[in-house]
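The next block is protein_31.pdb, given as PDB, C-alpha atoms and all ligand atoms.
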ATOM      1  CA  MET A   1     -14.429  17.948   2.847
ATOM      2  CA  ALA A   2     -15.301  14.920   0.792
ATOM      3  CA  PHE A   3     -12.582  12.607  -0.421
ATOM      4  CA  THR A   4     -12.431  11.979  -4.160
ATOM      5  CA  LEU A   5     -11.167   9.168  -6.377
ATOM      6  CA  SER A   6      -8.186  10.277  -8.471
ATOM      7  CA  PRO A   7      -7.807   8.700 -11.902
ATOM      8  CA  LEU A   8      -5.196   5.965 -12.311
ATOM      9  CA  PRO A   9      -1.805   7.559 -13.108
ATOM     10  CA  PHE A  10      -1.554   5.338 -16.244
ATOM     11  CA  PRO A  11      -3.957   3.694 -18.741
ATOM     12  CA  LYS A  12      -5.670   0.588 -17.338
ATOM     13  CA  GLU A  13      -3.893  -1.649 -19.879
ATOM     14  CA  ALA A  14      -0.438  -0.183 -19.131
ATOM     15  CA  LEU A  15       0.563  -2.946 -16.731
ATOM     16  CA  GLU A  16      -0.173  -5.827 -19.133
ATOM     17  CA  PRO A  17       0.761  -8.651 -19.126
ATOM     18  CA  HIS A  18       1.583  -8.591 -15.407
ATOM     19  CA  ILE A  19      -1.726  -7.090 -14.298
ATOM     20  CA  ASP A  20      -4.531  -7.203 -16.861
ATOM     21  CA  ALA A  21      -6.715  -4.255 -17.873
ATOM     22  CA  ALA A  22      -9.956  -5.834 -16.624
ATOM     23  CA  THR A  23      -8.491  -6.309 -13.153
ATOM     24  CA  MET A  24      -7.213  -2.723 -13.093
ATOM     25  CA  GLU A  25     -10.578  -1.341 -14.209
ATOM     26  CA  ILE A  26     -12.578  -3.250 -11.599
ATOM     27  CA  HIS A  27      -9.981  -2.679  -8.888
ATOM     28  CA  HIS A  28      -9.831   1.096  -9.365
ATOM     29  CA  ASP A  29     -13.253   2.048 -10.740
ATOM     30  CA  LYS A  30     -15.301  -0.316  -8.549
ATOM     31  CA  HIS A  31     -13.382  -1.389  -5.431
ATOM     32  CA  HIS A  32     -11.390   1.789  -4.757
ATOM     33  CA  ASN A  33     -14.364   3.949  -5.712
ATOM     34  CA  THR A  34     -16.556   2.129  -3.190
ATOM     35  CA  TYR A  35     -14.033   2.779  -0.401
ATOM     36  CA  VAL A  36     -14.100   6.510  -1.210
ATOM     37  CA  THR A  37     -17.914   6.583  -1.249
ATOM     38  CA  ASN A  38     -18.200   4.660   2.014
ATOM     39  CA  LEU A  39     -15.445   6.715   3.686
ATOM     40  CA  ASN A  40     -17.346   9.908   2.902
ATOM     41  CA  LYS A  41     -20.532   8.374   4.335
ATOM     42  CA  ALA A  42     -18.710   7.182   7.461
ATOM     43  CA  ILE A  43     -17.092  10.558   8.286
ATOM     44  CA  ALA A  44     -20.039  12.805   7.393
ATOM     45  CA  ASN A  45     -20.867  15.069  10.347
ATOM     46  CA  THR A  46     -17.887  13.874  12.435
ATOM     47  CA  ASP A  47     -14.655  15.758  13.226
ATOM     48  CA  ALA A  48     -12.885  13.591  10.629
ATOM     49  CA  ASP A  49     -14.833  15.463   7.977
ATOM     50  CA  ILE A  50     -12.202  18.239   7.963
ATOM     51  CA  MET A  51      -9.121  16.110   8.627
ATOM     52  CA  ASN A  52      -6.570  14.908   6.119
ATOM     53  CA  ILE A  53      -6.377  11.169   5.557
ATOM     54  CA  GLU A  54      -3.064  10.627   7.382
ATOM     55  CA  ASP A  55      -4.388  12.360  10.513
ATOM     56  CA  ILE A  56      -7.503  10.182  10.424
ATOM     57  CA  LEU A  57      -5.322   7.055  10.152
ATOM     58  CA  LYS A  58      -3.040   8.129  13.021
ATOM     59  CA  ASN A  59      -6.117   8.466  15.255
ATOM     60  CA  ILE A  60      -8.082   5.535  13.854
ATOM     61  CA  SER A  61      -8.788   3.954  17.252
ATOM     62  CA  LYS A  62     -11.199   6.842  17.941
ATOM     63  CA  TYR A  63     -13.420   5.968  14.998
ATOM     64  CA  PRO A  64     -15.895   3.228  14.098
ATOM     65  CA  THR A  65     -14.827   0.208  12.047
ATOM     66  CA  ALA A  66     -16.388   1.679   8.909
ATOM     67  CA  VAL A  67     -13.887   4.566   9.042
ATOM     68  CA  ARG A  68     -10.982   2.188   9.708
ATOM     69  CA  ASN A  69     -11.878  -0.060   6.774
ATOM     70  CA  ASN A  70     -12.658   2.665   4.257
ATOM     71  CA  ALA A  71      -9.996   5.239   5.217
ATOM     72  CA  GLY A  72      -7.468   2.411   5.010
ATOM     73  CA  GLY A  73      -8.994   1.232   1.731
ATOM     74  CA  HIS A  74      -8.771   4.703   0.207
ATOM     75  CA  TYR A  75      -5.263   5.534   1.455
ATOM     76  CA  ASN A  76      -3.735   2.137   0.661
ATOM     77  CA  HIS A  77      -5.103   2.002  -2.877
ATOM     78  CA  SER A  78      -4.144   5.624  -3.642
ATOM     79  CA  LEU A  79      -0.598   4.787  -2.606
ATOM     80  CA  PHE A  80      -0.574   1.428  -4.397
ATOM     81  CA  TRP A  81      -1.328   3.011  -7.807
ATOM     82  CA  THR A  82       1.550   5.497  -7.482
ATOM     83  CA  LEU A  83       4.002   2.675  -6.747
ATOM     84  CA  LEU A  84       3.182   0.793  -9.951
ATOM     85  CA  SER A  85       4.657   1.654 -13.342
ATOM     86  CA  SER A  86       4.876   0.100 -16.780
ATOM     87  CA  HIS A  87       8.517   1.266 -16.680
ATOM     88  CA  GLY A  88       9.011  -0.242 -13.237
ATOM     89  CA  GLY A  89      10.778  -3.306 -11.947
ATOM     90  CA  GLY A  90      14.483  -3.867 -11.667
ATOM     91  CA  THR A  91      16.200  -2.666  -8.532
ATOM     92  CA  PRO A  92      16.218   0.569  -6.546
ATOM     93  CA  ALA A  93      19.065   3.086  -6.706
ATOM     94  CA  GLY A  94      20.596   5.659  -4.404
ATOM     95  CA  GLU A  95      20.044   5.869  -0.663
ATOM     96  CA  LEU A  96      17.038   3.510  -0.686
ATOM     97  CA  ALA A  97      19.202   0.813  -2.314
ATOM     98  CA  ALA A  98      21.911   1.420   0.276
ATOM     99  CA  ALA A  99      19.393   1.204   3.141
ATOM    100  CA  ILE A 100      17.917  -2.046   1.758
ATOM    101  CA  ASN A 101      21.380  -3.581   1.446
ATOM    102  CA  SER A 102      22.310  -2.454   4.929
ATOM    103  CA  GLU A 103      19.096  -3.729   6.559
ATOM    104  CA  PHE A 104      18.517  -6.965   4.644
ATOM    105  CA  GLY A 105      22.002  -7.856   3.387
ATOM    106  CA  SER A 106      21.120  -7.661  -0.312
ATOM    107  CA  PHE A 107      18.279  -6.750  -2.637
ATOM    108  CA  GLU A 108      17.649 -10.437  -3.321
ATOM    109  CA  GLU A 109      17.297 -11.151   0.396
ATOM    110  CA  PHE A 110      14.900  -8.205   0.780
ATOM    111  CA  LYS A 111      12.871  -9.450  -2.198
ATOM    112  CA  LYS A 112      12.658 -12.928  -0.690
ATOM    113  CA  LYS A 113      11.470 -11.650   2.695
ATOM    114  CA  PHE A 114       8.966  -9.190   1.231
ATOM    115  CA  THR A 115       7.589 -11.943  -1.034
ATOM    116  CA  GLU A 116       7.221 -14.276   1.969
ATOM    117  CA  SER A 117       5.336 -11.547   3.850
ATOM    118  CA  ALA A 118       2.970 -10.955   0.903
ATOM    119  CA  ILE A 119       2.324 -14.644   0.295
ATOM    120  CA  GLY A 120       2.086 -15.427   3.994
ATOM    121  CA  ARG A 121      -0.600 -12.876   4.863
ATOM    122  CA  PHE A 122      -3.617 -15.085   5.606
ATOM    123  CA  GLY A 123      -6.774 -13.881   3.887
ATOM    124  CA  SER A 124      -7.013 -10.289   2.676
ATOM    125  CA  GLY A 125      -4.420  -7.653   3.432
ATOM    126  CA  TRP A 126      -1.261  -5.873   2.417
ATOM    127  CA  ALA A 127       2.509  -6.311   2.728
ATOM    128  CA  TRP A 128       4.673  -3.262   3.395
ATOM    129  CA  LEU A 129       8.170  -1.883   3.423
ATOM    130  CA  ILE A 130       8.195   0.858   6.047
ATOM    131  CA  LYS A 131      10.616   3.179   7.762
ATOM    132  CA  ASN A 132       9.881   2.363  11.391
ATOM    133  CA  SER A 133      10.001   4.571  14.464
ATOM    134  CA  SER A 134      13.677   3.663  14.998
ATOM    135  CA  GLY A 135      14.454   4.941  11.515
ATOM    136  CA  LYS A 136      15.081   1.436  10.136
ATOM    137  CA  LEU A 137      13.552  -0.229   7.117
ATOM    138  CA  GLU A 138      11.207  -3.041   8.118
ATOM    139  CA  ILE A 139       8.875  -5.467   6.338
ATOM    140  CA  CYS A 140       5.432  -6.106   7.800
ATOM    141  CA  SER A 141       1.940  -7.084   6.737
ATOM    142  CA  THR A 142      -1.509  -5.929   7.792
ATOM    143  CA  PRO A 143      -4.950  -7.557   7.648
ATOM    144  CA  ASN A 144      -7.885  -6.075   5.733
ATOM    145  CA  HIS A 145      -7.121  -2.392   4.959
ATOM    146  CA  ASP A 146      -5.141  -1.654   8.111
ATOM    147  CA  ASN A 147      -1.855   0.148   7.569
ATOM    148  CA  PRO A 148       1.301   1.054   9.510
ATOM    149  CA  LEU A 149       0.243   4.679  10.041
ATOM    150  CA  MET A 150      -2.702   3.533  12.159
ATOM    151  CA  ASP A 151      -2.377   3.894  15.924
ATOM    152  CA  ILE A 152      -3.711   0.331  16.275
ATOM    153  CA  ALA A 153      -1.080  -1.181  13.948
ATOM    154  CA  GLU A 154       1.111  -3.900  15.400
ATOM    155  CA  THR A 155       4.121  -2.530  13.492
ATOM    156  CA  LYS A 156       4.127   1.219  12.909
ATOM    157  CA  GLY A 157       6.043   3.320  10.445
ATOM    158  CA  TYR A 158       5.985   5.360   7.275
ATOM    159  CA  PRO A 159       5.056   3.389   4.125
ATOM    160  CA  ILE A 160       7.738   3.215   1.430
ATOM    161  CA  LEU A 161       6.308   0.343  -0.668
ATOM    162  CA  LEU A 162       3.206  -1.857  -0.499
ATOM    163  CA  ILE A 163       1.415  -4.659  -2.311
ATOM    164  CA  ASP A 164      -2.282  -5.415  -2.254
ATOM    165  CA  VAL A 165      -2.841  -9.152  -1.706
ATOM    166  CA  TRP A 166      -6.639  -9.098  -1.606
ATOM    167  CA  GLU A 167      -7.938 -11.654  -4.107
ATOM    168  CA  HIS A 168      -9.613  -8.813  -6.048
ATOM    169  CA  SER A 169      -6.070  -7.706  -7.051
ATOM    170  CA  TYR A 170      -5.302 -10.877  -8.941
ATOM    171  CA  TYR A 171      -8.127 -13.402  -9.107
ATOM    172  CA  LEU A 172      -9.255 -12.745 -12.726
ATOM    173  CA  LYS A 173      -5.815 -13.502 -14.150
ATOM    174  CA  TYR A 174      -4.138 -15.637 -11.500
ATOM    175  CA  GLN A 175      -7.109 -17.254  -9.685
ATOM    176  CA  ASN A 176      -5.733 -18.733  -6.451
ATOM    177  CA  ARG A 177      -2.073 -18.363  -7.491
ATOM    178  CA  ARG A 178      -1.040 -15.466  -5.257
ATOM    179  CA  PRO A 179       2.685 -16.328  -5.584
ATOM    180  CA  ASP A 180       2.468 -15.867  -9.389
ATOM    181  CA  TYR A 181       0.826 -12.457  -8.964
ATOM    182  CA  VAL A 182       3.451 -11.359  -6.423
ATOM    183  CA  ALA A 183       6.247 -12.541  -8.741
ATOM    184  CA  ALA A 184       4.700 -10.556 -11.633
ATOM    185  CA  TRP A 185       4.241  -7.465  -9.447
ATOM    186  CA  TRP A 186       8.020  -7.114  -8.982
ATOM    187  CA  ASN A 187       8.170  -6.188 -12.695
ATOM    188  CA  LEU A 188       5.990  -3.151 -12.002
ATOM    189  CA  VAL A 189       7.510  -1.653  -8.853
ATOM    190  CA  ASN A 190       8.020   2.103  -9.273
ATOM    191  CA  TRP A 191      11.379   2.392  -7.512
ATOM    192  CA  ASP A 192      11.685   6.107  -8.325
ATOM    193  CA  GLU A 193       8.535   6.780  -6.326
ATOM    194  CA  ALA A 194       9.625   4.469  -3.492
ATOM    195  CA  ALA A 195      12.982   6.304  -3.366
ATOM    196  CA  LYS A 196      11.163   9.660  -3.150
ATOM    197  CA  ARG A 197       9.088   8.351  -0.262
ATOM    198  CA  TYR A 198      12.198   7.126   1.522
ATOM    199  CA  SER A 199      13.933  10.509   1.134
ATOM    200  CA  MET A 200      10.793  12.263   2.383
ATOM    201  CA  ALA A 201      10.574   9.911   5.375
ATOM    202  CA  LYS A 202      14.198  10.614   6.253
ATOM    203  CA  LYS A 203      13.552  14.363   6.239
ATOM    204  CA  MET A 204      10.513  14.114   8.484
ATOM    205  CA  GLU A 205      10.846  13.772  12.223
ATOM    206  CA  THR A 206      10.004  10.281  13.461
ATOM    207  CA  LYS A 207       7.631  11.743  16.020
ATOM    208  CA  ASN A 208       5.583  13.227  13.191
ATOM    209  CA  LEU A 209       5.481   9.948  11.307
ATOM    210  CA  VAL A 210       4.208   7.621  13.950
ATOM    211  CA  THR A 211       1.583   7.997  16.642
ATOM    212  CA  LYS A 212       2.922   6.286  19.715
TER     213      LYS A 212
HETATM  214 MN    MN B 301      -7.424  -3.751  -3.556
END
What is this structure when it is put down as C-alpha cells?
Ligand code: MN
Amino acid sequence: MAFTLSPLPFPKEALEPHIDAATMEIHHDKHHNTYVTNLNKAIANTDADIMNIEDILKNISKYPTAVRNNAGGHYNHSLFWTLLSSHGGGTPAGELAAAINSEFGSFEEFKKKFTESAIGRFGSGWAWLIKNSSGKLEICSTPNHDNPLMDIAETKGYPILLIDVWEHSYYLKYQNRRPDYVAAWWNLVNWDEAAKRYSMAKKMETKNLVTK
C-alpha cells in the first residue's frame, strides 16, 4: 500500500497574509511530496508496507532512520494542513477550552508556553499540544520530524495541535524571524479541528494512544 499526497484542504493563497502562497506551494507540493515519495521507497518490501501510518509511528524504533524521518514528515504535515484555516484563530471553545484553562490557568498562559516551545526548539522540528498518557494536556517539542506517537519520543501522547518550525515553513516571508511566523500562525489555528481531535482522544483508551 503506497502512501499518497492529499491536496491541501484550501487554496494555497488562502492563508495570506500570514503564510504566503509561494511558501504553501513549495511546502506542500515539494517538501511534503518528497516525504511521501521517500516513505514509499523506505517501506517497500518491508512489513510496514501494509501498515497504517500511526502503527508505523508507534513502532518506529524497529525501522531505519529513513522510515522515521519520512513517516514523521508525512504524518506531521498531513496533520498540520488540517489544523490551519483561513477562518481560524481566536480561542477554542467547549471542552478543549475548559481543559486548556484547567491545565495552564488561562488561554493566554497556554499561548505563551506553546509559543516559547515553538521558538525554543533548536534547529528544525515541531511544537505540540498533546493529550498525554495520564490524560492531561501537555506542551512538548520534537526535533526533525519526530512526533509524540513515536515509541522513541521523549514525551508521548496524542497530538491535538502542532506547528512546523522548520525554516522551510517561513523563510521566504519571514527569513530568520521565527517569532513573527509563530505569532502570525495563531491567526490560522483551526480550533474546530483541534477540538474534534481532543474529543476523539478522550474517547479512545490511553493504552491505544501511546506505545509504552
Ligand atoms: Mn514542513
Computed interatomic separation between CA of Asn70 in chain A and CA of Asp29 in chain A (Å):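 We find that CA of Asn70 in chain A and CA of Asp29 in chain A lie 15.0 Å from each other.
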To test your reading of the syntax: which residues would the PyMOL selection byres (((chain A and resi 126) around 12) and not hetatm) return for the file shown? Reply as a PDB file with C-alpha atoms, in the coordinates of the input.
ATOM      1  CA  GLY A  72      -7.468   2.411   5.010  1.00  0.00           C
ATOM      2  CA  GLY A  73      -8.994   1.232   1.731  1.00  0.00           C
ATOM      3  CA  ASN A  76      -3.735   2.137   0.661  1.00  0.00           C
ATOM      4  CA  HIS A  77      -5.103   2.002  -2.877  1.00  0.00           C
ATOM      5  CA  LEU A  79      -0.598   4.787  -2.606  1.00  0.00           C
ATOM      6  CA  PHE A  80      -0.574   1.428  -4.397  1.00  0.00           C
ATOM      7  CA  PHE A 114       8.966  -9.190   1.231  1.00  0.00           C
ATOM      8  CA  THR A 115       7.589 -11.943  -1.034  1.00  0.00           C
ATOM      9  CA  GLU A 116       7.221 -14.276   1.969  1.00  0.00           C
ATOM     10  CA  SER A 117       5.336 -11.547   3.850  1.00  0.00           C
ATOM     11  CA  ALA A 118       2.970 -10.955   0.903  1.00  0.00           C
ATOM     12  CA  ILE A 119       2.324 -14.644   0.295  1.00  0.00           C
ATOM     13  CA  GLY A 120       2.086 -15.427   3.994  1.00  0.00           C
ATOM     14  CA  ARG A 121      -0.600 -12.876   4.863  1.00  0.00           C
ATOM     15  CA  PHE A 122      -3.617 -15.085   5.606  1.00  0.00           C
ATOM     16  CA  GLY A 123      -6.774 -13.881   3.887  1.00  0.00           C
ATOM     17  CA  SER A 124      -7.013 -10.289   2.676  1.00  0.00           C
ATOM     18  CA  GLY A 125      -4.420  -7.653   3.432  1.00  0.00           C
ATOM     19  CA  ALA A 127       2.509  -6.311   2.728  1.00  0.00           C
ATOM     20  CA  TRP A 128       4.673  -3.262   3.395  1.00  0.00           C
ATOM     21  CA  LEU A 129       8.170  -1.883   3.423  1.00  0.00           C
ATOM     22  CA  ILE A 139       8.875  -5.467   6.338  1.00  0.00           C
ATOM     23  CA  CYS A 140       5.432  -6.106   7.800  1.00  0.00           C
ATOM     24  CA  SER A 141       1.940  -7.084   6.737  1.00  0.00           C
ATOM     25  CA  THR A 142      -1.509  -5.929   7.792  1.00  0.00           C
ATOM     26  CA  PRO A 143      -4.950  -7.557   7.648  1.00  0.00           C
ATOM     27  CA  ASN A 144      -7.885  -6.075   5.733  1.00  0.00           C
ATOM     28  CA  HIS A 145      -7.121  -2.392   4.959  1.00  0.00           C
ATOM     29  CA  ASP A 146      -5.141  -1.654   8.111  1.00  0.00           C
ATOM     30  CA  ASN A 147      -1.855   0.148   7.569  1.00  0.00           C
ATOM     31  CA  PRO A 148       1.301   1.054   9.510  1.00  0.00           C
ATOM     32  CA  PRO A 159       5.056   3.389   4.125  1.00  0.00           C
ATOM     33  CA  LEU A 161       6.308   0.343  -0.668  1.00  0.00           C
ATOM     34  CA  LEU A 162       3.206  -1.857  -0.499  1.00  0.00           C
ATOM     35  CA  ILE A 163       1.415  -4.659  -2.311  1.00  0.00           C
ATOM     36  CA  ASP A 164      -2.282  -5.415  -2.254  1.00  0.00           C
ATOM     37  CA  VAL A 165      -2.841  -9.152  -1.706  1.00  0.00           C
ATOM     38  CA  TRP A 166      -6.639  -9.098  -1.606  1.00  0.00           C
ATOM     39  CA  GLU A 167      -7.938 -11.654  -4.107  1.00  0.00           C
ATOM     40  CA  SER A 169      -6.070  -7.706  -7.051  1.00  0.00           C
ATOM     41  CA  VAL A 182       3.451 -11.359  -6.423  1.00  0.00           C
TER      42      VAL A 182
END
Using the chain letters and residue numbers of this document, give as a PyMOL selection string the residues selected by the PyMOL selection byres (((chain A and resi 59-69) around 10) and not hetatm). chain A and resi 35+38-43+46+48+54-58+70-74+144-147+149-153+211
List the residues sitting within 10 Å of (-9.7, -5.9, -15.8) in the file's frame, using all atoms listed in the file, as a list of chain:residue names.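 Checked against the point, the hits come out as A:Lys12, A:Glu13, A:Ile19, A:Asp20, A:Ala21, A:Ala22, A:Thr23, A:Met24, A:Glu25, A:Ile26, A:His27, A:His28, A:Ser169, A:Tyr170, A:Leu172, A:Lys173.
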With C-alpha atoms kept, could you save the residues just selected as a PDB file, keeping the file's coordinate frame?
ATOM      1  CA  LYS A  12      -5.670   0.588 -17.338  1.00  0.00           C
ATOM      2  CA  GLU A  13      -3.893  -1.649 -19.879  1.00  0.00           C
ATOM      3  CA  ILE A  19      -1.726  -7.090 -14.298  1.00  0.00           C
ATOM      4  CA  ASP A  20      -4.531  -7.203 -16.861  1.00  0.00           C
ATOM      5  CA  ALA A  21      -6.715  -4.255 -17.873  1.00  0.00           C
ATOM      6  CA  ALA A  22      -9.956  -5.834 -16.624  1.00  0.00           C
ATOM      7  CA  THR A  23      -8.491  -6.309 -13.153  1.00  0.00           C
ATOM      8  CA  MET A  24      -7.213  -2.723 -13.093  1.00  0.00           C
ATOM      9  CA  GLU A  25     -10.578  -1.341 -14.209  1.00  0.00           C
ATOM     10  CA  ILE A  26     -12.578  -3.250 -11.599  1.00  0.00           C
ATOM     11  CA  HIS A  27      -9.981  -2.679  -8.888  1.00  0.00           C
ATOM     12  CA  HIS A  28      -9.831   1.096  -9.365  1.00  0.00           C
ATOM     13  CA  SER A 169      -6.070  -7.706  -7.051  1.00  0.00           C
ATOM     14  CA  TYR A 170      -5.302 -10.877  -8.941  1.00  0.00           C
ATOM     15  CA  LEU A 172      -9.255 -12.745 -12.726  1.00  0.00           C
ATOM     16  CA  LYS A 173      -5.815 -13.502 -14.150  1.00  0.00           C
TER      17      LYS A 173
END
Interatomic distance, CA of Ala194 in chain A to CA of Ile160 in chain A (Å, one decimal):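 Taking CA of Ala194 in chain A as the start and CA of Ile160 in chain A as the end point, the length is 5.4 Å.
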Given the choices A:His168, A:Asp180, A:Ser86, A:Ile50, which gets closest to ligand MN 301 (chain B) if the distance is worked out from only C-alpha atoms and all ligand atoms? A:His168
The PyMOL selection byres (((chain A and resi 188) around 9) and not hetatm) resolved against shown file, as a PyMOL selection string: chain A and resi 15+18-19+83-90+184-187+189-191
Quick one: pull the distance between CA of Ala99 in chain A and CA of Ile130 in chain A, Å, one decimal.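 Interatomic distance here is 11.6 Å.
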Given only C-alpha atoms and all ligand atoms as the counted atoms, nearest of A:Thr4, A:Ala14, A:Ala201, A:Tyr75 to ligand MN 301 (chain B): A:Tyr75
